[in-house]
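Notes to accompany the following structure.
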Amino acid sequence: MYSTPFSPAEARSARARVGLSTAQVAQSMTACGTPVRPELVEAWEYGSQMPTEAQLFVLADVLWCPPTTLMGAEPRTLAEHRMARQLSVERLSQLIGMDPALYWAAESARQWSGDYRQTKALVEALGLSLRKLIGVMGRDEELSGHLRTAIDGRWKSHVGPVAKITTLNKTRVSDALRTMHGEFAEFSERYMGHVVARNDDSRLKEVAAERSAYLRRLVDHFWELIGDAGEAPPFNTVPTY
C-alpha cells in the first residue's frame, strides 16, 4: 500500500522555524477544517504515525512551507509530483480530464498511458520539464534500452523510437545518438589497442571500468547532450506521436 512520503525531522524543523507548539499546530489545522490533536502532531514528528495526504497539505500551509519540505525529498514519482502541488487525485483528474480511477491506476503502477491532451494537461498541472516527464511516465528504462542498443549497433534505427518516447524532434535525437555511438566505439578501439599491444591487465581493467561507468550514466548523458530542451516544458509544438 502506498504511503505518503514524510520526514519527521523536517516537520520538527519547520515547526521550530515558525515558532509554534504542537498544540498551536493542531489548533490551526483544526481551524482549517482538518481536526487533529496535539498528540497526533507529536506522533508525526517522532515517526510513530504518518499524516494522510490531506493532513500533509494542511500541515504545510500551517507551517508556511512547501509540501516537498515535509516530504523530505524532491519528488520523483507521479504521486510525489502531484503532492508537491497539493493536488488530490480527484482534483488532478479533473484538471486533466481523466476518470479518477484510471488516473489512480496509472499513478499506482507508475506507468502513464494518457493521450496527448491529457499528458499535456498533466505536465502543465505539475510543472514538469521534458526530462522529468519521461522519468515520471516510467519510461526511463525503455529509453535506456534503446540507447544501449543504439550505441553498440545501428543507431539510426533507434532515432524514431527515441524521438517518440521523448517527443524531441528527430534531428536533435539523431545528433545525440551519433555522438554517443562514436564515444562508445572509442572504448572498443582502446580496449583492442591494449590487447594487440599486449599491455598489462591494469590497462584493460581501466578501460573496462570507464565503459561500465559510461553505461551507468547513459540516460543522464543523453539529456546532457540534448541540453536546454530537456529542462524546458514539452509540447511547445505539435506532437511527434
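Going through the C-alpha cells in order, the chains are called A, B, and so on, while each chain numbers its residues from 1 and the ligands are numbered from 1 in the order shown.
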Residues within 9 Å of segment 85-92 of chain A, please, as number ranges by chain. Count only C-alpha atoms; anything in the same chain fewer than 2 positions from it doesn't count. A: 53-54, 56-57, 66-68, 79-83, 94-101, 103-104, 122, 125-127
Contact residues around Gly138 of chain A with only C-alpha atoms at 8 Å, ignoring same-chain residues under 4 positions, as number ranges by chain: A: 110-112, 134
Go ahead and dump the residues you just picked, N, CA and C atoms, as a compact mmCIF listing (two decimals), in the first residue's frame.
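And here's part.txt as it stands now:
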```
# COMPACT_ATOMS: atom_id res chain seq x y z
N ARG A 110 2.80 3.43 -11.59
CA ARG A 110 3.92 4.27 -12.02
C ARG A 110 4.15 4.15 -13.53
N GLN A 111 3.05 4.04 -14.26
CA GLN A 111 3.09 3.96 -15.71
C GLN A 111 1.99 4.85 -16.27
N TRP A 112 2.38 5.82 -17.07
CA TRP A 112 1.41 6.76 -17.62
C TRP A 112 1.01 6.34 -19.02
N ILE A 134 9.64 12.20 -18.68
CA ILE A 134 9.98 10.85 -19.13
C ILE A 134 10.16 9.93 -17.93
```
Based on the backbone DSSP call, show me all residues of segment 66-231 of chain A assigned helix (DSSP H, G or I), as a PyMOL selection string. chain A and resi 67-71+78-84+89-96+100-109+116-126+130-136+140-151+155-166+170-196+201-216+218-230
Enter the distance from atom CA of Phe184 of chain A to atom CA of Tyr214 of chain A, in Å, rounded to one decimal. 8.2 Å
Under the rule that only C-alpha atoms are counted, which of A:Arg190, A:His181, A:Pro8, A:Leu143 is the nearest residue to Trp223 of chain A? A:Leu143
Residue contacts of Met71 of chain A (6 Å, only C-alpha atoms) excluding same-chain residues fewer than 2 positions away, as number ranges by chain: A: 5-7, 68-69, 73
Go ahead and save the picked residues with N, CA, C and O atoms, as a short mmCIF file (atom, residue, chain, number, x, y, z; two decimals), in the first residue's frame.
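Okay, out_17.cif is ready:
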```cif
data_model
loop_
_atom_site.label_atom_id
_atom_site.label_comp_id
_atom_site.auth_asym_id
_atom_site.auth_seq_id
_atom_site.Cartn_x
_atom_site.Cartn_y
_atom_site.Cartn_z
N PRO A 5 4.85 10.15 1.55
CA PRO A 5 6.24 10.41 1.96
C PRO A 5 6.28 11.54 2.99
O PRO A 5 5.62 12.57 2.81
N PHE A 6 7.02 11.33 4.06
CA PHE A 6 7.03 12.31 5.14
C PHE A 6 8.32 12.20 5.94
O PHE A 6 8.80 11.09 6.22
N SER A 7 8.89 13.35 6.29
CA SER A 7 10.12 13.40 7.07
C SER A 7 9.83 14.00 8.44
O SER A 7 9.59 15.21 8.55
N THR A 68 6.98 19.66 -0.31
CA THR A 68 8.23 18.94 -0.54
C THR A 68 9.16 19.02 0.66
O THR A 68 9.95 18.11 0.91
N THR A 69 9.07 20.11 1.43
CA THR A 69 9.90 20.23 2.64
C THR A 69 9.52 19.13 3.62
O THR A 69 10.39 18.44 4.18
N ALA A 73 12.21 15.12 0.47
CA ALA A 73 12.98 14.85 -0.74
C ALA A 73 12.28 15.47 -1.93
O ALA A 73 11.07 15.73 -1.89
#
```
What are the closest atom pairs, with distances in Å to one decimal, for each residue of segment 91-196 of chain A lying within 6 Å of segment 225-237 of chain A, using only C-alpha atoms, rows by chain and rising residue number, as a Markdown table?
```
| residue | atom | partner | partner_atom | distance |
| --- | --- | --- | --- | --- |
| A:Ser129 | CA | A:Pro233 | CA | 4.4 |
| A:Leu130 | CA | A:Pro234 | CA | 5.2 |
| A:Arg131 | CA | A:Gly230 | CA | 4.9 |
| A:Ala176 | CA | A:Leu225 | CA | 5.8 |
```
Considering only C-alpha atoms, return as an mmCIF file with N, CA and C atoms, in the first residue's frame whatever protein or nucleic-acid residues lie within 10 Å of Ser21 of chain A, sequence-local ones (same chain, fewer than 4 positions apart) excluded.
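The file below, around.cif, is the result:
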```cif
data_model
loop_
_atom_site.group_PDB
_atom_site.id
_atom_site.type_symbol
_atom_site.label_atom_id
_atom_site.label_comp_id
_atom_site.auth_asym_id
_atom_site.auth_seq_id
_atom_site.Cartn_x
_atom_site.Cartn_y
_atom_site.Cartn_z
ATOM 1 N N ARG A 15 8.364 23.399 12.078
ATOM 2 C CA ARG A 15 7.578 23.951 13.193
ATOM 3 C C ARG A 15 8.445 24.893 14.038
ATOM 4 N N ALA A 16 9.683 24.516 14.255
ATOM 5 C CA ALA A 16 10.592 25.357 15.045
ATOM 6 C C ALA A 16 10.824 26.699 14.354
ATOM 7 N N VAL A 25 -0.122 24.057 16.369
ATOM 8 C CA VAL A 25 -0.240 23.450 15.034
ATOM 9 C C VAL A 25 -1.568 22.722 14.924
ATOM 10 N N ALA A 26 -1.907 21.930 15.940
ATOM 11 C CA ALA A 26 -3.162 21.176 15.933
ATOM 12 C C ALA A 26 -4.358 22.127 15.884
ATOM 13 N N GLN A 27 -4.273 23.205 16.636
ATOM 14 C CA GLN A 27 -5.360 24.181 16.660
ATOM 15 C C GLN A 27 -5.540 24.838 15.290
ATOM 16 N N PRO A 38 -2.962 17.533 19.403
ATOM 17 C CA PRO A 38 -1.516 17.739 19.563
ATOM 18 C C PRO A 38 -0.728 16.436 19.617
ATOM 19 N N VAL A 41 0.146 15.315 16.135
ATOM 20 C CA VAL A 41 1.240 16.103 15.571
ATOM 21 C C VAL A 41 2.574 15.608 16.130
ATOM 22 N N GLU A 42 2.600 15.323 17.419
ATOM 23 C CA GLU A 42 3.816 14.800 18.052
ATOM 24 C C GLU A 42 4.176 13.439 17.474
#
```
With a distance cut-off of 9 Å and only C-alpha atoms, select the neighbouring residues of Val207 of chain A, excluding the residue or stretch itself and same-chain residues fewer than 4 positions from it, and output the selection as an NGL selection string. :A and (187-188 or 190-191 or 202-203 or 211-212)
Now that the selection is made, can you save its residues with N, CA, C and O atoms as a PDB file, in the first residue's frame?
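Written output follows (again08.pdb):
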```pdb
ATOM      1  N   PHE A 187      35.738   3.153 -26.793  1.00  0.00           N
ATOM      2  CA  PHE A 187      36.091   2.197 -25.751  1.00  0.00           C
ATOM      3  C   PHE A 187      36.586   0.887 -26.374  1.00  0.00           C
ATOM      4  O   PHE A 187      37.586   0.313 -25.942  1.00  0.00           O
ATOM      5  N   SER A 188      35.883   0.414 -27.395  1.00  0.00           N
ATOM      6  CA  SER A 188      36.282  -0.826 -28.060  1.00  0.00           C
ATOM      7  C   SER A 188      37.629  -0.685 -28.747  1.00  0.00           C
ATOM      8  O   SER A 188      38.479  -1.580 -28.688  1.00  0.00           O
ATOM      9  N   ARG A 190      40.072   1.420 -27.973  1.00  0.00           N
ATOM     10  CA  ARG A 190      41.122   1.498 -26.963  1.00  0.00           C
ATOM     11  C   ARG A 190      41.398   0.124 -26.343  1.00  0.00           C
ATOM     12  O   ARG A 190      42.547  -0.255 -26.118  1.00  0.00           O
ATOM     13  N   TYR A 191      40.327  -0.618 -26.096  1.00  0.00           N
ATOM     14  CA  TYR A 191      40.484  -1.946 -25.484  1.00  0.00           C
ATOM     15  C   TYR A 191      41.272  -2.859 -26.416  1.00  0.00           C
ATOM     16  O   TYR A 191      42.227  -3.520 -26.003  1.00  0.00           O
ATOM     17  N   SER A 202      46.057  -4.170 -15.980  1.00  0.00           N
ATOM     18  CA  SER A 202      45.572  -2.942 -15.354  1.00  0.00           C
ATOM     19  C   SER A 202      45.033  -1.970 -16.390  1.00  0.00           C
ATOM     20  O   SER A 202      44.053  -1.261 -16.150  1.00  0.00           O
ATOM     21  N   ARG A 203      45.664  -1.912 -17.550  1.00  0.00           N
ATOM     22  CA  ARG A 203      45.188  -1.027 -18.626  1.00  0.00           C
ATOM     23  C   ARG A 203      43.819  -1.491 -19.129  1.00  0.00           C
ATOM     24  O   ARG A 203      42.925  -0.688 -19.386  1.00  0.00           O
ATOM     25  N   ARG A 211      34.130   2.060 -19.352  1.00  0.00           N
ATOM     26  CA  ARG A 211      32.993   1.630 -20.168  1.00  0.00           C
ATOM     27  C   ARG A 211      31.771   1.385 -19.283  1.00  0.00           C
ATOM     28  O   ARG A 211      30.660   1.808 -19.609  1.00  0.00           O
ATOM     29  N   SER A 212      31.964   0.728 -18.164  1.00  0.00           N
ATOM     30  CA  SER A 212      30.857   0.444 -17.242  1.00  0.00           C
ATOM     31  C   SER A 212      30.267   1.740 -16.696  1.00  0.00           C
ATOM     32  O   SER A 212      29.041   1.888 -16.580  1.00  0.00           O
TER      33      SER A 212
END
```
